[in-house]
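Student: Have a look at this one.
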Number of protein chains: 2
Amino acid sequence: MNNLFINSVEVTGGFWKKYQKITVENIIPYQEKAIKDQIEGIEPSHAVDNFINAGKKLAGAKDYADFYGMVFQDSDVAKWLEAASFSLAKYPDEKLSARIDELVELVSKAQESDGYLDTYFTLKRPDQKWKNLHDAHELYCAGHFIEAGVAHYEVTGKTNLFKIVCKLADCIYEHFITQKHEGYPGHPEIELALLKLARSTGNAKYAELAKHFIDVRGVDPEFYNKEMQSRSWNVWGSESVNPSYHQCHKPVREQTTAEGHAVRAGYLFTAMADLAFETKDTELFAACKRLWQNITQKRMYVTGGIGSTNQGEAFTVDYDLPNDTTYSETCAAISLMMFARQMLRNEKLGEYGDIMEQALYNTVLAGMQLDGRRFFYVNPLEAVPGISGVAVTHRHDLPERPGWYGCACCPPNVARTISDIADYAWQLDGSTLFCVLFIDNKLELPDYGIKITEKTEYPYDGRITFELEKADSANAGSAAAVETLAVRLPHWAKGAKWQAECGVRVKDGFIYFDLSKLNGATTAKQAAKLAIEIDLHLEPRKIWCNSSVPANSGKVCFAFGPLIYCAEEADNGKLLDLFVQRNAIPVVQPFAEELGGIRKMQVAAVRALHKGGALYFEDEPQLEKAEMTLIPYYAWANRGLNQMRVWLPQC
Amino acid sequence: MNNLFINSVEVTGGFWKKYQKITVENIIPYQEKAIKDQIEGIEPSHAVDNFINAGKKLAGAKDYADFYGMVFQDSDVAKWLEAASFSLAKYPDEKLSARIDELVELVSKAQESDGYLDTYFTLKRPDQKWKNLHDAHELYCAGHFIEAGVAHYEVTGKTNLFKIVCKLADCIYEHFITQKHEGYPGHPEIELALLKLARSTGNAKYAELAKHFIDVRGVDPEFYNKEMQSRSWNVWGSESVNPSYHQCHKPVREQTTAEGHAVRAGYLFTAMADLAFETKDTELFAACKRLWQNITQKRMYVTGGIGSTNQGEAFTVDYDLPNDTTYSETCAAISLMMFARQMLRNEKLGEYGDIMEQALYNTVLAGMQLDGRRFFYVNPLEAVPGISGVAVTHRHDLPERPGWYGCACCPPNVARTISDIADYAWQLDGSTLFCVLFIDNKLELPDYGIKITEKTEYPYDGRITFELEKADSANAGSAAAVETLAVRLPHWAKGAKWQAECGVRVKDGFIYFDLSKLNGATTAKQAAKLAIEIDLHLEPRKIWCNSSVPANSGKVCFAFGPLIYCAEEADNGKLLDLFVQRNAIPVVQPFAEELGGIRKMQVAAVRALHKGGALYFEDEPQLEKAEMTLIPYYAWANRGLNQMRVWLPQC
């Protein structure tokens with residue numbers, strides 16, 4: 001079971017209730033229309049049409065249209081199916097469920113008799129299957145379908161999509177394991193999906209296939225070059241092969257730095273960490289740990305974004321973290337959350353949760369307009385209208401979220417992440433239940449004999465209460481019971497306090513609460529409940545950056561809990577001549593209605609006053625005292641075109 | 001006569017004597033070996049070989065080799081001929097002169113009977129002449145040959161090369177004017193060369209041809225697209241046409257912003273300003289002025305560099321001036337010097353000279369290692385080894401000068417500029433002689449009845465003395481006499497003082513000294529001389545940048561006279577945690593022997609002390625008082641790989 005918590009957690013209020021509502025009410029319906037080409041004024045995606053046409057072709061009809069869109073267009077449908085399936089867990093909707101089944105029916109008709117499923121090849125190049133692993137995204141799309149199938153099955157219990165994806169996975173197994181076809185996915189994704197499928201089915205062959213793809217990767221760094229020479233076509237005209245772009249410059253166990261396309265890297269590392277856990281492969285875990293450290297200690301933005309350049313949407317080199325020309329793709333931040341989740345399964349360090357929420361509350365959420373209608377793919381930490389989105393080096397760093405893209409990878413990725421937030425928030429390891437993210441929710445695990453009510457206004461308030469009860473279950477008090485609740489203690493929560501009538505110890509970024517009292521209780525009321533109160537004592541904080549990062553030299557940024565703050569022109573006027581006073585103590589304001597409900601931050605600053613418009617001048621600009629107002633980074637670019645900065649010069 | 005001063009000026013000491021010596025003794029001989037493939041260990045250029053082979057082919061021989069190198073390889077030979085010719089003016093060298101003549105002989109044999117000269121086409125595509133103006137650089141190479149021919153003729157009086165280039169220009173005239181072939185140069189250069197040829201020959205048809213190329217440019221912005229569709233080949237595989245890259249997005253008189261490839265733009269604008277002067281075309285001059293202002297007020301680095309991005313080696317948008325990923329090509333700074341020189345002919349503003357020397361003393365000189373053996377094409381204002389030259393976005397911004405390039409445009413461009421420094425330093429307009437750059441030199445203009453001895457240690461000392469004498473000439477005292485000496489008063493020389501026993505007035509950045517006393521003198525000794533003493537009162541200065549430039553927000557830079565200073569790791573240790581104290585008063589030190597003789601600058605700073613290697617941290621770094629040592633920007637990267645910064649954060 002992969003999605004244990006999606007079925008057992010109900011988000012009951014606070015910050016995430018709002019986001020789940022937006023996801024269910026706006027994002028999922030909007031994206032459904034997008035893949036079905038029902039939105040006026042935007043270019044049709046043909047994503048669902050491709051399945052209809054592939055189905056027609058396979059049925060022998062003549063009136064099918066050609067494939068249309070990006071080579072990985074199928075994955076939009078898969079990601080939507082996954083997000084929509086997740087949403088059904090706690091937002092049951094019969095009509096949506098029926099529409100999912102209709103779409104699954106279309107997908108089933110587009111599946112070939114041997115299980116093969118990819119409308120690009122079925123429609124366009126039926127004789128070229130598996131011949132362009134480098135760029136054609138067949139295994140990538142298959143991976144997303146497998147994820148969708150697992151989610152749909154685990155949430156709804158239905159097997160219609162699940163059977164399709166098992167058959168698809170069998171087809172791939174047959175080809176790559178039984179028939180020993182060479183190669184591995186150009187865009188890693190299926191590895192992590194197959195590991196989920198293995199857990200969901202209990203069938204080890206899927207884990208074997210995942211392990212195979214991980215093991216052969218990079219053993220022959222020239223594989224893609226050879227593959228290219230053996231075929232006469234490419235997806236995108238002329239192609240060139242750069243092994244590190246595809247993380248195949250070395251066998252994965254020998255890799256020491258995060259290289260290449262950031263999303264591919266993140267998905268690969270996630271699967272590696274998952275496999276390391278499942279197979280107790282310490283060598284593989286050591287590689288994951290090196291890569292994790294390289295990312296988080298040298299190649300990650302303070303917003304949890306990764307991938308410094310649009311050239312290949314990729315990592316560059318250590319400490320190269322430009323704020324204005326970054327790529328920092330929304331999907332890459334999601335992949336870092338996934339990687340963190342798997343690392344935490346291997347090693348109980350709060351750090352993994354810290355980074356997970358750093359990526360989530362900053363880059364992932366910034367990827368979406370507050371109303372869920374527009375999305376950023378690229379998440380700059382500095383935006384200056386007139387340059388951002390305009391200069392050739394900044395074209396990808398837009399200062400406002402555009403509408404739906406032809407290449408629509410990020411929006412459905414955000415949707416499935418928010419829908420599945422419970423599975424990031426909680427993790428169960430043996431008899432210890434880990435609370436990784438703080439969400440106002442009710443968790444009921446009858447098989448484990450526990451019910452938890454967690455109340456919090458986090459991330460704007462650090463007070464979190466847990467009310468634990470024994471759940472009515474045959475297992476209550478048995479070996480399967482949860483014996484310990486481990487609540488993450490963020491590294492920044494220096495003043496955190498907690499209170500509970502039970503044994504407590506702190507280790508490696510978690511507070512471990514001993515639940516034996518609860519479990520050992522009779523049915524008598526007095527002991528059947530346990531209350532835990534935690535106050536993370538949120539205070540606005542200043543963050544400095546290692547001086548090896550040229551872009552942040554002399555600058556500071558601000559945080560409150562997991563939220564990184566930024567300054568916008570809307571609150572401050574022209575930002576580029578505002579400097580923070582070095583000894584300023586930032587103050588967080590009460591809740592404001594604005595921007596969907598946020599708490600702003602005030603900080604003492606100075607404004608340099610320039611006279612005239614000269615490019616260079618020698619009269620020292622006068623400094624005037626000023627107050628800067630900061631908002632959470634995730635809420636930027638919701639008030640029209642304006643300047644934004646995360647890292648602020650000091651004075 | 002274009003090169004009036006090269007023949008009449010002798011650089012007698014100080015800063016420029018050293019540079020001319022390096023040029024004559026090192027650069028010109030080294031570059032001669034490079035074009036003749038006589039340097040071991042570097043890839044052969046085949047530049048001279050191409051002429052030998054084209055000559056063989058034209059003579060009907062069968063044993064010629066194919067063309068080799070960049071499509072504009074011929075221009076390396078032309079630029080070397082120009083630089084070497086200039087050097088002969090004051091450094092006569094019979095052997096060099098003979099070798100020039102031998103090379104001219106090879107060029108003459110490579111010229112076709114109708115005057116056509118371009119070895120790429122003669123050897124490789126004889127039936128495709130003039131069919132790829134977009135990229136094939138025929139007119140560009142022709143322009144450089146014409147410049148070389150004019151220089152060689154005006155300096156030496158010899159006509160061997162001059163006749164070749166007149167015949168070449170006649171061939172182009174025949175084709176584009178008489179036969180009305182459509183089109184204009186993809187890389188502007190020939191326009192400014194033809195205007196020189198018109199002055200040198202007195203033949204107006206060359207000016208007519210220059211005017212034609214300027215007038216038709218951009219009238220049909222689609223011209224290059226049409227041209228591309230009408231041929232079946234390209235120089236560089238697939239090509240795409242971007243009119244603004246080639247400055248043909250609009251007719252030149254309608255252009256308001258500097259767009260596209262910076263060197264192309266600079267050469268075009270130079271020709272436009274020259275033509276505007278020669279033809280009294282006020283509309284064209286107004287366009288030049290708009291473009292000048294756009295460059296210098298919104299798109300120019302403080303080092304006089306232009307072209308913010310390597311993508312197209314081009315201008316981007318207003319205020320986009322990144323220090324670390326810039327292009328700022330050495331050749332582009334030279335083109336800005338040329339543009340300034342022509343603007344000054346139109347309008348007597350000291351500003352043009354100020355910008356000319358800003359580009360010269362900073363970017364142009366930084367383009368060259370102090371010993372003249374290695375060159376930068378790209379001149380970043382911030383270099384951080386590990387990122388610069390390594391990260392995909394910084395590959396072009398090298399932290400050390402490499403050896404000779406396959407594409408060798410910049411080194412010979414620097415050589416010809418230094419050789420011809422006298423023609424930048426002086427300008428004659430009617431009876432007013434303008435001293436634009438301050439050079440320790442003797443100027444003798446017998447036809448204008450004047451001899452000047454200028455002594456100075458500029459740019460490291462602001463004292464300049466001029467001793468003026470009547471020259472022995474039939475014209476002395478006649479209408480042709482120089483009546484006024486106008487000495488540029490740099491905008492930063494606020495404390496400048498001067499002393500002269502003659503009438504003096506200051507206007508628009510020049511000090512005008514009335515020489516009537518000198519001219520009106522009898523032969524009696526007492527009046528035949530005039531002494532002028534100027535002290536520009538050099539003091540270290542701080543420069544701030546318009547806050548519309550994101551890269552320099554919160555930063556300051558330092559200057560002394562025309563020299564922009566920078567900090568290097570060699571003097572300061574790790575630079576990125578050093579911040580200048582806001583109220584620091586910089587102090588310039590006495591001459592140091594180091595780095596070819598410079599004066600260093602000291603400025604009070606602080607160093608942020610970090611513990612540990614965390615990427616982000618929340619313990620405020622302690623600040624420790626520190627002293628920063630700065631060196632002139634032109635001298636950077638002469639002490640091994642190390643960090644460098646021009647713009648420094650303040651504290």
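Residues are referred to by chain and number: the chain letter is A, B, ... according to the order shown in the structure tokens, the number counts from 1 in that chain, and ligands are numbered separately from 1 in the order shown.
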Do me a favour and pick out the residues of chain A within 8 Å of chain B, using only C-alpha atoms, as a ChimeraX atom specification.

Tutor: /A:296-298,302,309,311,316-320,384,386-387,390-393,541-550,553-554,576-577,579,610,613-620,649-651

Student: Near segment 195-208 of chain A, within 12 Å and counting only C-alpha atoms, which residues show up once chain neighbours fewer than 5 positions away are dropped, as a PyMOL selection string?

Tutor: chain A and resi 1-4+142-155+157+159+162-163+165-174+176-178+189-190+213-215+268+270-279+342

Student: Return the single residue from A:Trp80, A:Phe560, A:Tyr634, A:Phe591 that is closest to Pro411 of chain A, with distances computed using only C-alpha atoms.

Tutor: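 With only C-alpha atoms as the atom set, the closest residue is A:Trp80.
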
Student: Taking the DSSP assignment computed from this structure's backbone, write out as a ChimeraX atom specification all residues of segment 254-470 of chain B that belong to strand (DSSP E or B).

Tutor: /B:261,300,306,309,314,329,368,375,378,382-383,385,388,426-429,432-435,441-445,450-456,463-470

Student: Between atom CA of Gly430 of chain A and atom CA of Tyr458 of chain A, what distance in Å does the model show, to one decimal?

Tutor: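 Rounded to one decimal, the two atoms are 27.4 Å apart.
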
Student: Within segment 463-551 of chain B, find each residue whose DSSP state, derived from the backbone, is helix (DSSP H, G or I), and express the selection as a ChimeraX atom specification.

Tutor: /B:516-520,525-527,550-551

Student: Write out the residues from the selection above, keeping N, CA and C atoms, as a short mmCIF file (atom, residue, chain, number, x, y, z; two decimals), in the first residue's frame.

Tutor:
data_model
loop_
_atom_site.label_atom_id
_atom_site.label_comp_id
_atom_site.auth_asym_id
_atom_site.auth_seq_id
_atom_site.Cartn_x
_atom_site.Cartn_y
_atom_site.Cartn_z
N SER B 516 46.03 82.65 -30.95
CA SER B 516 46.31 83.76 -31.87
C SER B 516 47.64 84.44 -31.53
N LYS B 517 47.98 84.47 -30.28
CA LYS B 517 49.23 85.09 -29.86
C LYS B 517 50.42 84.37 -30.51
N LEU B 518 50.30 83.03 -30.49
CA LEU B 518 51.34 82.21 -31.09
C LEU B 518 51.40 82.44 -32.59
N ASN B 519 50.26 82.45 -33.20
CA ASN B 519 50.22 82.59 -34.65
C ASN B 519 50.59 84.00 -35.12
N GLY B 520 50.19 84.95 -34.28
CA GLY B 520 50.47 86.33 -34.67
C GLY B 520 51.91 86.77 -34.39
N LYS B 525 61.81 85.10 -30.72
CA LYS B 525 61.66 83.90 -29.89
C LYS B 525 60.56 83.99 -28.84
N GLN B 526 60.46 85.13 -28.17
CA GLN B 526 59.60 85.19 -26.99
C GLN B 526 58.14 84.82 -27.25
N ALA B 527 57.65 85.06 -28.43
CA ALA B 527 56.24 84.77 -28.68
C ALA B 527 56.03 83.50 -29.48
N PRO B 550 19.46 45.83 -12.01
CA PRO B 550 19.38 44.92 -10.85
C PRO B 550 20.74 44.43 -10.37
N ALA B 551 21.67 44.20 -11.30
CA ALA B 551 22.95 43.59 -10.91
C ALA B 551 23.75 44.48 -9.96
#

Student: Could you pull the residues within 8 Å of Ala425 of chain B, counting only C-alpha atoms, minus those fewer than 4 positions along the same chain, as a list in words?

Tutor: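 Skipping anything fewer than 4 positions along the chain leaves Ile421, Cys435, Val436, Leu437, Phe438 and Ile439 of chain B.
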
Student: Could you turn the residues from that selection into a file that holds C-alpha atoms, as a CSV table (one decimal), in the first residue's frame?

Tutor:
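Result saved to part_5.csv:
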chain,number,residue,atom,x,y,z
B,421,ILE,CA,46.1,55.6,-31.0
B,435,CYS,CA,43.1,66.9,-27.9
B,436,VAL,CA,40.8,64.0,-27.0
B,437,LEU,CA,43.1,61.6,-25.3
B,438,PHE,CA,46.0,62.5,-23.1
B,439,ILE,CA,49.2,60.9,-24.4

Student: Which residue is closest to Gly304 of chain A? Choose from A:Trp292, A:Tyr245, A:Tyr361, A:Trp647 and count only C-alpha atoms.

Tutor: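 Of A:Trp292, A:Tyr245, A:Tyr361, A:Trp647, the one nearest Gly304 of chain A, counting only C-alpha atoms, is A:Tyr361.
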
Student: Which polymer residues have any atom within 7 Å of an atom of Ala500 of chain B, counting only C-alpha atoms, with same-chain residues fewer than 6 positions away left out, as a PyMOL selection string?

Tutor: chain B and resi 531-533

Student: Could the residues in this selection be written to a file with N, CA and C atoms, as a tab-separated table (two decimals), in the first residue's frame?

Tutor:
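That gives us part27.tsv:
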chain	number	residue	atom	x	y	z
B	531	ALA	N	53.09	77.90	-23.53
B	531	ALA	CA	53.03	76.75	-22.61
B	531	ALA	C	51.66	76.69	-21.97
B	532	ILE	N	51.12	75.51	-21.93
B	532	ILE	CA	49.83	75.29	-21.27
B	532	ILE	C	50.03	74.20	-20.24
B	533	GLU	N	49.57	74.48	-19.06
B	533	GLU	CA	49.65	73.46	-18.02
B	533	GLU	C	48.25	73.16	-17.51

Student: I want to know what sits within 6 Å of segment 599-601 of chain B, based on only C-alpha atoms, with residues of the same chain fewer than 6 positions away left out; could you give that as a PyMOL selection string?

Tutor: chain B and resi 587-592+629-631

Student: I need the chosen residues saved as a short mmCIF file (atom, residue, chain, number, x, y, z; two decimals), in the first residue's frame, with C-alpha atoms.

Tutor:
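Result went into again.cif, see below:
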data_model
loop_
_atom_site.label_atom_id
_atom_site.label_comp_id
_atom_site.auth_asym_id
_atom_site.auth_seq_id
_atom_site.Cartn_x
_atom_site.Cartn_y
_atom_site.Cartn_z
CA VAL B 587 43.10 56.31 -1.26
CA VAL B 588 45.39 55.83 -4.25
CA GLN B 589 48.87 54.49 -3.53
CA PRO B 590 52.16 55.51 -5.16
CA PHE B 591 53.31 53.60 -8.24
CA ALA B 592 53.93 49.92 -7.71
CA THR B 629 43.11 46.71 -2.25
CA LEU B 630 41.89 47.52 -5.73
CA ILE B 631 43.73 47.47 -9.04
#

Student: Would you mind listing what lies within 12 Å of Ala265 of chain B as number ranges by chain, with only C-alpha atoms counted and same-chain residues fewer than 2 positions away left out?

Tutor: B: 185-189, 244-248, 252, 255, 257-263, 267-272, 288, 291-292, 295, 306-307, 312-315, 331-336, 338-339

Student: Env of Gly462 of chain A: 10 Å cut, atoms = only C-alpha atoms, seq-sep filter 5 positions within chain, self excluded. Answer as a list of chain:residue names.

Tutor: A:Phe438, A:Thr456, A:Glu457, A:Ala493, A:Ala496, A:Ile534, A:Asp535, A:Leu536, A:His537, A:Leu538, A:Glu539, A:Phe560, A:Gly561
